[in-house]
Structures are given as structure tokens and as C-alpha cells.
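Shown next: model_12.cif, given as mmCIF, C-alpha atoms and all ligand atoms.
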data_model
loop_
_atom_site.label_atom_id
_atom_site.label_comp_id
_atom_site.auth_asym_id
_atom_site.auth_seq_id
_atom_site.Cartn_x
_atom_site.Cartn_y
_atom_site.Cartn_z
CA MET A 1 -35.52 -5.19 -0.65
CA LYS A 2 -32.82 -6.58 -2.86
CA ASN A 3 -33.41 -3.83 -5.40
CA ALA A 4 -33.31 -1.23 -2.68
CA LEU A 5 -29.97 -2.54 -1.43
CA ARG A 6 -28.62 -2.63 -4.93
CA PHE A 7 -29.71 0.95 -5.46
CA LEU A 8 -28.07 2.04 -2.22
CA ALA A 9 -24.86 0.30 -3.19
CA PHE A 10 -24.88 2.01 -6.54
CA LEU A 11 -25.60 5.36 -4.98
CA GLY A 12 -22.60 4.84 -2.72
CA LEU A 13 -20.51 3.99 -5.75
CA ALA A 14 -21.78 7.09 -7.53
CA VAL A 15 -20.89 9.37 -4.67
CA LEU A 16 -17.45 7.91 -4.25
CA LEU A 17 -16.56 7.86 -7.89
CA PHE A 18 -17.76 11.32 -8.48
CA SER A 19 -16.21 12.84 -5.39
CA ALA A 20 -12.97 11.22 -6.55
CA ALA A 21 -13.31 12.77 -9.97
CA VAL A 22 -14.58 16.21 -9.12
CA ALA A 23 -11.32 17.65 -7.82
CA ASP A 24 -9.26 16.97 -10.93
CA ARG A 25 -9.48 16.07 -14.57
CA THR A 26 -10.35 12.44 -13.95
CA GLU A 27 -13.48 11.17 -15.61
CA VAL A 28 -15.30 8.01 -14.71
CA VAL A 29 -16.30 5.84 -17.64
CA SER A 30 -17.76 2.37 -17.91
CA VAL A 31 -17.35 -0.34 -20.51
CA ALA A 32 -19.33 -3.52 -20.95
CA LYS A 33 -17.97 -6.45 -19.01
CA SER A 34 -16.91 -9.52 -20.97
CA ALA A 35 -14.74 -12.55 -20.27
CA GLY A 36 -11.21 -11.45 -19.47
CA ARG A 37 -11.84 -7.78 -20.24
CA ALA A 38 -11.12 -6.49 -16.73
CA ALA A 39 -7.77 -8.27 -16.66
CA TRP A 40 -6.99 -7.06 -20.16
CA LEU A 41 -7.80 -3.46 -19.27
CA ALA A 42 -5.65 -3.72 -16.15
CA ALA A 43 -2.79 -5.08 -18.23
CA GLN A 44 -3.15 -2.06 -20.55
CA GLY A 45 -2.61 0.11 -17.52
CA PHE A 46 -6.16 1.35 -17.03
CA ASP A 47 -7.30 2.21 -13.56
CA LEU A 48 -10.13 -0.16 -12.65
CA LEU A 49 -12.49 1.08 -9.97
CA ALA A 50 -15.36 -1.36 -9.75
CA GLU A 51 -17.59 -3.77 -11.56
CA HIS A 52 -21.29 -3.07 -11.32
CA GLU A 53 -24.29 -4.52 -13.13
CA GLY A 54 -22.32 -5.95 -16.03
CA ARG A 55 -20.09 -2.93 -16.53
CA ILE A 56 -16.52 -2.16 -15.59
CA PHE A 57 -15.94 1.31 -14.14
CA LEU A 58 -12.63 3.05 -14.83
CA ALA A 59 -11.05 6.30 -13.68
CA VAL A 60 -9.51 7.88 -16.74
CA SER A 61 -7.28 10.85 -17.42
CA PRO A 62 -7.70 12.78 -20.67
CA GLU A 63 -4.87 10.66 -22.11
CA ASP A 64 -6.67 7.45 -21.09
CA LEU A 65 -9.81 8.68 -22.80
CA ALA A 66 -7.85 9.14 -26.01
CA ARG A 67 -6.45 5.62 -25.66
CA LEU A 68 -9.92 4.17 -25.14
CA SER A 69 -11.03 5.87 -28.32
CA ASP A 70 -7.98 4.55 -30.18
CA LEU A 71 -8.82 1.04 -28.98
CA ARG A 72 -12.32 1.45 -30.46
CA LEU A 73 -13.74 0.16 -27.21
CA PRO A 74 -17.23 1.60 -26.68
CA PHE A 75 -17.39 3.40 -23.35
CA ARG A 76 -20.00 5.40 -21.51
CA LEU A 77 -19.09 8.60 -19.74
CA GLU A 78 -20.45 8.22 -16.21
CA THR A 79 -19.13 11.34 -14.49
CA ALA A 80 -22.13 13.54 -15.18
CA ARG A 81 -24.61 10.79 -14.37
CA LEU A 82 -22.90 10.15 -11.05
CA ARG A 83 -22.95 13.85 -10.18
CA ALA A 84 -26.67 13.62 -9.41
CA GLY A 85 -26.05 11.34 -6.44
CA LEU A 86 -23.42 13.53 -4.85
CA PRO A 87 -24.23 15.20 -1.53
CA ALA A 88 -22.55 18.48 -0.65
CA GLU A 89 -19.52 17.50 1.41
CA PRO A 90 -17.21 20.07 2.98
CA ALA A 91 -13.52 19.84 2.15
CA PRO A 92 -11.35 18.53 5.00
CA ALA A 93 -10.04 21.20 7.31
CA GLY A 94 -6.52 22.32 6.49
CA GLY A 95 -6.61 21.58 2.78
CA ILE A 96 -7.35 18.69 0.49
CA ASN A 97 -5.20 16.29 2.52
CA GLY A 98 -6.89 17.17 5.83
CA ASP A 99 -5.47 14.97 8.58
CA TYR A 100 -3.36 13.05 6.07
CA HIS A 101 0.27 14.08 6.04
CA SER A 102 1.81 15.97 3.18
CA TYR A 103 5.57 15.63 2.72
CA ARG A 104 6.30 18.72 4.82
CA GLU A 105 3.82 17.74 7.54
CA LEU A 106 5.37 14.29 7.76
CA GLU A 107 8.84 15.77 7.92
CA ALA A 108 7.78 18.06 10.77
CA GLU A 109 6.14 15.24 12.69
CA LEU A 110 9.14 12.93 12.33
CA GLN A 111 11.42 15.74 13.55
CA THR A 112 9.13 16.32 16.52
CA LEU A 113 9.16 12.63 17.43
CA ALA A 114 12.94 12.53 17.15
CA ARG A 115 13.25 15.63 19.32
CA ASP A 116 10.76 14.46 21.96
CA PHE A 117 12.21 10.95 22.25
CA PRO A 118 15.94 11.40 21.61
CA SER A 119 17.07 8.15 23.25
CA LEU A 120 14.45 5.99 21.51
CA THR A 121 14.61 7.38 17.98
CA LYS A 122 17.04 8.26 15.25
CA LEU A 123 15.82 10.15 12.20
CA SER A 124 17.80 9.67 9.04
CA THR A 125 17.35 9.82 5.30
CA ILE A 126 17.91 6.80 3.12
CA GLY A 127 18.18 8.89 -0.04
CA GLN A 128 16.38 11.50 -2.08
CA SER A 129 13.51 11.34 -4.52
CA LEU A 130 13.84 12.38 -8.16
CA GLU A 131 12.68 15.88 -7.26
CA GLY A 132 15.09 16.04 -4.32
CA ARG A 133 12.80 15.34 -1.38
CA ASN A 134 14.21 13.36 1.54
CA LEU A 135 13.25 9.73 1.98
CA TYR A 136 12.97 9.63 5.74
CA ALA A 137 13.60 6.63 7.93
CA LEU A 138 12.86 6.72 11.64
CA LYS A 139 14.57 4.12 13.79
CA VAL A 140 12.85 3.16 17.04
CA SER A 141 15.07 1.30 19.49
CA ASP A 142 16.63 1.72 22.90
CA ASN A 143 19.93 3.61 22.57
CA ALA A 144 18.77 4.48 19.09
CA ALA A 145 21.84 6.53 18.27
CA VAL A 146 24.02 3.43 18.70
CA ASP A 147 24.17 0.56 16.24
CA GLU A 148 23.65 -2.32 18.65
CA LYS A 149 23.59 -5.01 15.95
CA GLU A 150 20.05 -5.94 16.87
CA PRO A 151 17.57 -7.60 14.56
CA GLY A 152 15.52 -5.21 12.47
CA PHE A 153 11.95 -4.89 11.25
CA LEU A 154 11.22 -2.65 8.27
CA ILE A 155 7.88 -0.99 7.63
CA LEU A 156 7.38 0.87 4.37
CA GLY A 157 4.55 3.14 3.28
CA CYS A 158 3.32 4.90 0.19
CA HIS A 159 5.08 3.40 -2.79
CA HIS A 160 1.88 4.48 -4.54
CA ALA A 161 1.06 8.16 -4.26
CA ARG A 162 -2.73 8.00 -3.97
CA GLU A 163 -2.66 5.43 -1.14
CA TRP A 164 -2.52 8.11 1.55
CA ILE A 165 -3.52 5.83 4.43
CA SER A 166 -0.30 3.85 3.89
CA VAL A 167 1.74 6.82 5.19
CA GLU A 168 -0.28 7.07 8.37
CA VAL A 169 -0.06 3.51 9.68
CA PRO A 170 3.78 3.31 9.81
CA LEU A 171 3.94 6.80 11.31
CA LEU A 172 1.38 5.96 13.99
CA LEU A 173 3.26 2.77 14.82
CA ALA A 174 6.46 4.73 15.49
CA ARG A 175 4.52 7.15 17.66
CA TYR A 176 2.85 4.30 19.53
CA LEU A 177 6.14 2.59 20.33
CA VAL A 178 7.84 5.68 21.74
CA GLU A 179 4.81 6.96 23.64
CA ASN A 180 4.13 3.61 25.32
CA TYR A 181 7.72 2.61 26.02
CA ALA A 182 7.68 3.86 29.59
CA THR A 183 4.39 2.24 30.58
CA ASP A 184 3.93 -0.91 28.49
CA ALA A 185 6.24 -3.83 29.20
CA ALA A 186 5.50 -5.55 25.88
CA VAL A 187 6.37 -2.40 23.94
CA ARG A 188 9.50 -1.93 26.01
CA ASP A 189 10.58 -5.47 25.24
CA ILE A 190 10.19 -4.92 21.50
CA VAL A 191 12.00 -1.59 21.57
CA ASN A 192 14.84 -2.96 23.70
CA ARG A 193 15.24 -6.14 21.74
CA GLY A 194 15.39 -4.88 18.19
CA GLU A 195 15.32 -1.98 15.76
CA THR A 196 11.99 -1.03 14.22
CA TRP A 197 12.50 1.17 11.17
CA VAL A 198 9.65 3.04 9.55
CA VAL A 199 9.93 4.61 6.11
CA PRO A 200 6.42 6.05 5.85
CA LEU A 201 6.80 7.80 2.49
CA VAL A 202 8.74 6.05 -0.27
CA ASN A 203 7.16 8.22 -3.00
CA PRO A 204 7.07 11.84 -1.76
CA ASP A 205 7.02 13.40 -5.25
CA GLY A 206 4.01 11.33 -6.19
CA LEU A 207 2.23 12.11 -2.92
CA GLU A 208 2.66 15.84 -3.42
CA TYR A 209 1.36 15.51 -6.96
CA SER A 210 -1.60 13.54 -5.66
CA ILE A 211 -2.37 16.25 -3.11
CA HIS A 212 -1.90 19.28 -5.33
CA VAL A 213 -2.62 18.21 -8.89
CA TYR A 214 -4.20 14.86 -9.49
CA ARG A 215 -5.66 12.88 -6.59
CA TYR A 216 -5.44 9.55 -8.46
CA TRP A 217 -1.70 9.78 -9.19
CA ARG A 218 0.03 6.43 -8.49
CA LYS A 219 3.60 6.41 -9.82
CA ASN A 220 6.67 8.57 -9.15
CA ARG A 221 7.26 11.67 -11.26
CA ARG A 222 9.88 10.49 -13.74
CA LEU A 223 9.55 12.13 -17.16
CA ASN A 224 9.62 9.20 -19.56
CA THR A 225 11.15 9.25 -23.02
CA ASP A 226 7.71 9.31 -24.68
CA GLY A 227 6.65 12.38 -22.71
CA SER A 228 4.50 10.49 -20.21
CA PHE A 229 5.24 10.63 -16.50
CA GLY A 230 5.95 8.10 -13.86
CA ILE A 231 7.31 4.71 -13.02
CA ASP A 232 5.48 2.31 -10.73
CA LEU A 233 7.91 2.02 -7.82
CA ASN A 234 6.34 -1.27 -6.79
CA ARG A 235 7.33 -2.77 -10.16
CA ASN A 236 10.88 -1.38 -10.19
CA TYR A 237 12.55 -3.83 -7.77
CA GLY A 238 15.08 -6.26 -9.13
CA TYR A 239 13.71 -9.74 -8.58
CA LYS A 240 11.95 -11.12 -11.70
CA TRP A 241 11.79 -7.53 -12.92
CA GLY A 242 9.85 -7.46 -16.19
CA TYR A 243 9.06 -11.17 -15.89
CA ASP A 244 6.00 -10.73 -18.10
CA GLU A 245 3.69 -8.06 -19.45
CA VAL A 246 0.86 -8.93 -17.07
CA GLY A 247 2.50 -8.26 -13.70
CA SER A 248 4.08 -5.04 -14.97
CA SER A 249 4.25 -3.11 -18.23
CA GLY A 250 6.98 -1.94 -20.55
CA THR A 251 4.74 0.86 -21.81
CA PRO A 252 5.70 4.15 -20.12
CA ALA A 253 2.16 5.51 -19.97
CA SER A 254 0.95 2.41 -18.14
CA GLU A 255 0.01 2.69 -14.47
CA VAL A 256 2.26 -0.32 -13.85
CA TYR A 257 5.24 0.81 -15.95
CA ARG A 258 8.29 -0.92 -14.52
CA GLY A 259 10.91 1.58 -15.76
CA ALA A 260 13.85 1.08 -18.10
CA ALA A 261 15.88 -1.11 -15.73
CA PRO A 262 15.62 -2.71 -12.28
CA PHE A 263 16.11 -0.09 -9.55
CA SER A 264 16.28 2.68 -12.15
CA GLU A 265 14.37 4.91 -9.72
CA PRO A 266 16.14 6.59 -6.80
CA GLU A 267 13.24 5.82 -4.47
CA ALA A 268 13.32 2.06 -5.07
CA ASP A 269 17.11 2.02 -5.18
CA ALA A 270 17.29 3.81 -1.82
CA CYS A 271 15.06 1.09 -0.34
CA ARG A 272 17.35 -1.56 -1.86
CA ARG A 273 20.53 -0.08 -0.40
CA PHE A 274 18.93 0.56 2.98
CA PHE A 275 17.59 -2.97 3.14
CA LEU A 276 20.94 -4.54 2.24
CA GLU A 277 22.76 -2.48 4.89
CA HIS A 278 20.59 -3.84 7.71
CA ASP A 279 19.72 -7.14 9.28
CA PHE A 280 15.99 -7.05 8.70
CA ARG A 281 14.10 -10.11 9.89
CA ALA A 282 10.70 -9.06 8.54
CA LEU A 283 9.21 -6.46 6.25
CA VAL A 284 5.76 -4.99 5.79
CA SER A 285 4.96 -2.72 2.87
CA TYR A 286 1.67 -0.90 3.26
CA HIS A 287 -0.64 -0.20 0.35
CA SER A 288 -4.35 0.34 -0.14
CA TYR A 289 -6.97 -0.81 -0.83
CA ALA A 290 -8.30 -4.39 -0.64
CA GLN A 291 -8.03 -5.38 3.03
CA ILE A 292 -5.74 -8.32 2.45
CA ILE A 293 -2.36 -9.58 3.67
CA LEU A 294 -0.22 -10.78 0.77
CA TYR A 295 3.00 -12.78 0.76
CA PRO A 296 5.29 -14.04 -2.05
CA TRP A 297 5.25 -14.97 -4.74
CA GLY A 298 3.64 -12.16 -6.64
CA TYR A 299 5.31 -12.71 -10.00
CA ILE A 300 3.87 -16.18 -10.48
CA ASP A 301 1.02 -18.14 -8.97
CA ALA A 302 3.24 -20.61 -7.13
CA PRO A 303 4.27 -21.14 -3.51
CA THR A 304 7.66 -20.24 -2.09
CA ASP A 305 9.58 -22.83 -0.09
CA GLN A 306 8.28 -21.02 3.03
CA ASP A 307 4.67 -21.06 1.99
CA ALA A 308 3.25 -22.78 5.07
CA ALA A 309 5.19 -20.53 7.44
CA LEU A 310 4.19 -17.35 5.61
CA ALA A 311 0.57 -18.45 5.48
CA ALA A 312 0.59 -19.21 9.21
CA LEU A 313 2.01 -15.77 10.01
CA ALA A 314 -0.51 -14.04 7.76
CA ARG A 315 -3.36 -16.03 9.22
CA LYS A 316 -2.29 -15.13 12.74
CA MET A 317 -2.11 -11.46 11.79
CA ALA A 318 -5.60 -11.54 10.27
CA GLU A 319 -6.86 -13.28 13.38
CA LEU A 320 -5.41 -10.56 15.61
CA MET A 321 -6.85 -7.78 13.43
CA LEU A 322 -10.42 -9.03 13.18
CA PRO A 323 -11.67 -8.37 16.72
CA VAL A 324 -10.37 -4.78 16.90
CA ASN A 325 -12.97 -3.23 14.60
CA GLY A 326 -14.60 -6.32 13.15
CA ARG A 327 -12.81 -5.92 9.84
CA LEU A 328 -11.81 -9.13 8.15
CA TYR A 329 -8.47 -9.05 6.33
CA ASP A 330 -8.02 -11.82 3.84
CA TYR A 331 -4.59 -13.39 3.35
CA ASP A 332 -3.06 -15.21 0.43
CA ARG A 333 -0.08 -15.55 -1.83
CA ALA A 334 0.08 -12.26 -3.72
CA ALA A 335 -0.46 -13.67 -7.20
CA ALA A 336 -3.35 -15.83 -6.03
CA GLY A 337 -4.97 -13.24 -3.80
CA LEU A 338 -4.85 -10.11 -5.93
CA TYR A 339 -3.15 -10.26 -9.34
CA THR A 340 0.37 -11.02 -10.49
CA THR A 341 3.01 -8.36 -9.93
CA ASN A 342 6.63 -8.52 -10.98
CA GLY A 343 9.38 -6.30 -9.63
CA ASP A 344 7.58 -5.62 -6.36
CA THR A 345 9.10 -4.97 -2.95
CA THR A 346 8.15 -8.14 -1.16
CA ASP A 347 9.16 -10.66 -3.82
CA TRP A 348 12.56 -8.96 -3.90
CA ALA A 349 13.00 -8.83 -0.12
CA PHE A 350 12.00 -12.46 0.23
CA ALA A 351 14.25 -13.51 -2.65
CA VAL A 352 17.37 -11.77 -1.32
CA ALA A 353 16.91 -12.35 2.41
CA GLY A 354 14.44 -15.21 2.82
CA ILE A 355 12.51 -13.21 5.41
CA PRO A 356 8.77 -12.89 5.88
CA ALA A 357 7.77 -10.02 3.64
CA PHE A 358 4.16 -8.88 3.51
CA THR A 359 2.22 -6.42 1.43
CA ILE A 360 -0.70 -5.31 3.53
CA GLU A 361 -3.47 -3.76 1.49
CA LEU A 362 -5.31 -1.58 3.98
CA PRO A 363 -9.07 -0.99 4.00
CA PRO A 364 -11.44 -0.47 2.54
CA LEU A 365 -12.46 -3.70 0.95
CA ASP A 366 -13.49 -2.18 -2.35
CA ILE A 367 -14.55 0.92 -4.19
CA LEU A 368 -18.05 0.73 -2.73
CA HIS A 369 -16.51 1.45 0.65
CA GLY A 370 -14.34 4.33 -0.51
CA GLY A 371 -11.47 2.96 -2.58
CA PHE A 372 -8.43 5.16 -2.11
CA PHE A 373 -10.48 7.61 -0.03
CA ASN A 374 -10.46 6.63 3.61
CA LYS A 375 -12.30 9.03 5.86
CA GLU A 376 -10.09 11.01 8.19
CA THR A 377 -11.99 9.49 11.10
CA ASP A 378 -10.91 6.04 9.91
CA ILE A 379 -7.16 6.72 10.11
CA LEU A 380 -6.90 5.82 13.79
CA PRO A 381 -9.17 2.73 13.66
CA ILE A 382 -7.17 1.36 10.71
CA PHE A 383 -3.95 1.85 12.63
CA GLN A 384 -5.47 0.30 15.75
CA GLU A 385 -6.51 -2.87 13.95
CA ASN A 386 -3.08 -3.20 12.32
CA LEU A 387 -1.25 -2.66 15.60
CA PRO A 388 -1.64 -6.14 17.14
CA ALA A 389 -0.54 -7.74 13.88
CA LEU A 390 2.53 -5.51 13.71
CA LEU A 391 3.42 -6.17 17.34
CA PHE A 392 3.02 -9.90 16.79
CA LEU A 393 5.22 -9.85 13.69
CA THR A 394 7.81 -7.70 15.44
CA ARG A 395 7.95 -10.00 18.46
CA THR A 396 8.31 -13.00 16.17
CA ALA A 397 10.97 -11.29 14.06
CA PHE A 398 13.03 -10.27 17.06
CA ALA A 399 12.88 -13.72 18.63
CA ALA A 400 15.04 -16.51 17.29
CA GLY A 401 13.82 -18.72 14.52
CA MET A 402 12.63 -16.36 11.77
CA PRO A 403 11.68 -17.14 9.13
CA GLY A 404 9.28 -19.82 10.21
CA THR A 405 6.69 -20.22 12.86
CA ASP A 406 8.50 -22.08 15.63
CA GLY A 407 6.84 -21.21 18.88
CA GLU A 408 3.81 -19.88 17.06
CA GLN A 409 1.88 -23.07 16.66
CA GLU A 410 -1.30 -21.34 17.83
CA ALA A 411 -1.26 -19.58 14.48
CA ARG A 412 -2.42 -22.81 12.93
CA THR A 413 -5.73 -22.78 14.73
CA ALA A 414 -8.76 -20.53 14.85
CA ALA A 415 -8.24 -19.14 11.37
CA PRO A 416 -10.71 -16.42 10.46
CA PRO A 417 -12.89 -17.18 7.46
CA ARG A 418 -11.49 -16.44 4.00
CA ARG A 419 -12.98 -13.96 1.62
CA GLY A 420 -13.25 -14.07 -2.13
CA GLY A 421 -14.12 -11.49 -4.73
CA ASP A 422 -12.81 -9.02 -7.29
CA ARG A 423 -10.32 -6.38 -6.41
CA GLY A 424 -8.94 -3.30 -8.12
CA LYS A 425 -5.34 -2.28 -8.68
CA ASP A 426 -3.57 -1.06 -5.60
ZN ZN B 501 -0.25 0.26 -3.84
#
Now, as a test, write the supplied structure out as C-alpha cells.
Amino acid sequence: MKNALRFLAFLGLAVLLFSAAVADRTEVVSVAKSAGRAAWLAAQGFDLLAEHEGRIFLAVSPEDLARLSDLRLPFRLETARLRAGLPAEPAPAGGINGDYHSYRELEAELQTLARDFPSLTKLSTIGQSLEGRNLYALKVSDNAAVDEKEPGFLILGCHHAREWISVEVPLLLARYLVENYATDAAVRDIVNRGETWVVPLVNPDGLEYSIHVYRYWRKNRRLNTDGSFGIDLNRNYGYKWGYDEVGSSGTPASEVYRGAAPFSEPEADACRRFFLEHDFRALVSYHSYAQIILYPWGYIDAPTDQDAALAALARKMAELMLPVNGRLYDYDRAAAGLYTTNGDTTDWAFAVAGIPAFTIELPPLDILHGGFFNKETDILPIFQENLPALLFLTRTAFAAGMPGTDGEQEARTAAPPRRGGDRGKD
């Protein structure tokens, strides 16, 4: 029985890894696992997918393959072996991105929302990407055209190009708020009381590249001085930028390359300026995958001076999410729960404003459940389970007393169980 389960798990892994690789030039390779090797590979910028039966599986580009060879690290090419387990699966209707929004589809949907709900929304751009695409921000508030000096809540998506689900959740939240304003008193209260801003697509150039060229693309599309492409936008923020070589990299080809200077990238800099121009009381930045709610610090494994309050908020959010679809989101300080990151969004937002700032790594839990590939039919359930947590955080942010948990003492009870385990880079 145990062997059968193990085989099924591996077959699932095979299907997922191969279906990820088949559309582009990615290969899947494995290397023998040894003490510290996974962390070392991650620090070198390799894209870790899973650990299975004593081996570490990596998604590698042709350039990564050359690097592996240069490192004289024996690896096994797994792509062909995994092909055998792959069932014929039709491509999603409407192109590779299916129900996921491309840049143009997102733009059209935001414009439709703004047109259909003119008093509750204001569509603006907070800047442009390197390749000149708009970085859209949709404000949801009563009298949205007017600056009423209300408290704000900022929800960001898709710093990382391949994390397509992170575009959908902020977008669906905006839609939910405007469509339920007339009929739901709790929604109306939130919309009347504050300004909810969604910026669903921080990295449009990367997303388009992920859709059209290379599904595993993570960074933006900066041409670096060494001829490699991309800066990790979630390592380009200014607090403890470049703190060490573990939480980000100074090597341009690395998947976690921090760039030449803090806020060197127009996408991260636009978020900085937008944030500083508003009175945000809370921030959520969506990523995938790992199914965990993370709060500062990320750059070092140490608590902030708001640790208990942040933990209580995260615990309450996880507690609200669990019953919706039965999915357990873990919660932890970022460096303790996932891996250290320096120059990320939430450390910076917390450092400059002292507000609750969360990175929510959406499902799935791990590569065995799909990694960066969430089924189209899972978009809505993932939004639905995040909704009560977002509404809770919004209500708390728009009430007096943020940061902190005054009036939310129930958050200290009935904590869902914690989860452990290895996670990849997201
Ligand atoms: Zn990410």
C-alpha cells in the first residue's frame, strides 16, 4: 500500500514536471540530495521543484544546464523519463493561459469593471513597466473619484511572472466588492469606510513572456550587463536590499537577482511611490505556491516588534480560510516559514510604515499538487478561500488600532494546526 501510494505520488510528480517542461525549453533534471545541497542550489539561483526519493528535482533552462555542467555536479536528465507518465491533456481553451488573464485581458476586464461601476471604482496607472505596459491600480471605494482621505488597503499580485494565480485573486476581490456592494451590508461597510486598492499585475512584461515564450519565467525583462535577462522584483525593494547572498543574489543570471540598486526597476519603484502617496493600513502581496501566510521579517530569522500582533492576524486569517475548501494555510515569519529573502515587498512596507504586511503564498502546497500550475477550475475556489481572510484584514485595517489586534482577541484562540515541510522558491 505504501509503495503504491509512493508510486502514485511519483507519477503525479512526473506528469506535472513534464507538462511544465513540454511547452518550452525547460528540462527537468535531478541531482543527489545531500546535507545543505538544496539550500545551496537555491542560493545559486536554480529553480527547485521537489525532493523525491533522495534526489532534488530542478527545472533548468539551457543556460542552467551549462552551469550545472560547469559546477561538475552530476545530474540526471529526467524529462524523457517523465514523459512516459504523461496523459494526453488538451490545451486550455483560448490559448495557453486559458482562463488566466494576459496583460490585455486584464486591462480589458479592469476597464469593464470601471465602466460598469463608475461610482465605486477608479482605474489608474501607477507607472509603466520596462517595456512600456501600464501598471494598473483599481481603487474600490464609495465616491471613488474623490480622495476622501480614508484608510487604505493595498493588494498586490504577480511580482513573479509564472505565478499566474496571483493575478486572479486580487482581480476577483475587486469584482466581488463592487458586485456585492448593493446587497451585502458587510461589503458596503468596507467599501464606504476605506479605499481598497488592487494592483493585480506588478510584472506585466514577465507575465507576457511566461505566456508566450517560457512558462517558468519569474523575473522582469531587464537586459542585464552580462547579457542575461531579468531582475527579481521581489528582491528589488529598498529595505535591507542586498543584506546577504542567501536572501537575494548579486549574480544577474540568478532567479533571485536583486538588481544593481534598490528600486532600480520601474515596476518596484512604481509600487514604492504609490505606497508612499497613500495611507495604507495593511498590505497583502500574493505569490504562489506554498499555501502559507508570511509576515516580516524575511531578511533575517528574527521577530519584529509587532510579532505577536502579526502572528495573531495571520492565525486568524488561516482559521477563516480553512473551512472554505478544507485547505490549511500555514503561517509564520517569512524567514522561518519559507527561506530568507532580502529586498522584498513586505519587509519594506513594514519597515517604512509599521503596518501589517503579508505575503500570501497561494496553493498548491507543493509541486506534487501542481506547483505553479493551478487548474483553471481551481481559480475560483482559491479566491473563495482567501476572501474571508481579506475581508477580515480589511475590516481590521479600516477600524482604529492598526497595527495590532485590539478588538480581535478571538484571533488568539482556535488556531488551526501548523504544518511543516520543505518548500520550493516562490
Ligand atoms: Zn513569488
Kindly provide, as a ChimeraX atom specification, all nucleotide and amino acid residues lying within 12 Å of ligand ZN 501 (chain B), counting only C-alpha atoms and all ligand atoms. /A:156-167,202-203,216-219,232-235,255-256,285-292,294,338,341,344-345,359-363,371-372,424-426
Answer as a PyMOL selection string, residues within 12 Å of (-5.5, -17.5, -8.4) using all atoms listed in the file: chain A and resi 297-303+332-340+420-422
Write out as a ChimeraX atom specification each polymer residue whose atoms come within 7 Å of Thr346 (chain A), counting only C-alpha atoms; drop sequence neighbours fewer than 5 positions from it. /A:296,357-359
Give me, please, the distance in Å between CA of Asp142 (chain A) and CA of Leu123 (chain A), quoted to one decimal. 13.6 Å
What does the structure give for the distance between CA of Thr79 (chain A) and CA of Glu51 (chain A), in Å to one decimal?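 Computing the Euclidean distance for CA of Thr79 (chain A) and CA of Glu51 (chain A) yields 15.5 Å.
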Given all atoms listed in the file as the basis, pick out the residue of A:Asp99, A:Glu53, A:Glu195, A:Asp70 nearest to Pro151 (chain A).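 Result for the nearest residue to Pro151 (chain A): A:Glu195.
Distances to Gln384 (chain A) were evaluated for A:Val169, A:Val28, A:Ala311, A:Ala351 using all atoms listed in the file, and the minimum falls at A:Val169.
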Hey, can you check how far CA of Gly45 (chain A) sits from CA of Gly250 (chain A)? 10.3 Å
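Comparing A:Asn386, A:Gln128, A:Ser102, A:Thr196 by their smallest distance to Pro266 (chain A), the closest is A:Gln128 (using all atoms listed in the file).
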Closest of A:Tyr181, A:Tyr295, A:Phe57, A:Tyr100 to Phe117 (chain A), counting all atoms listed in the file, is A:Tyr181
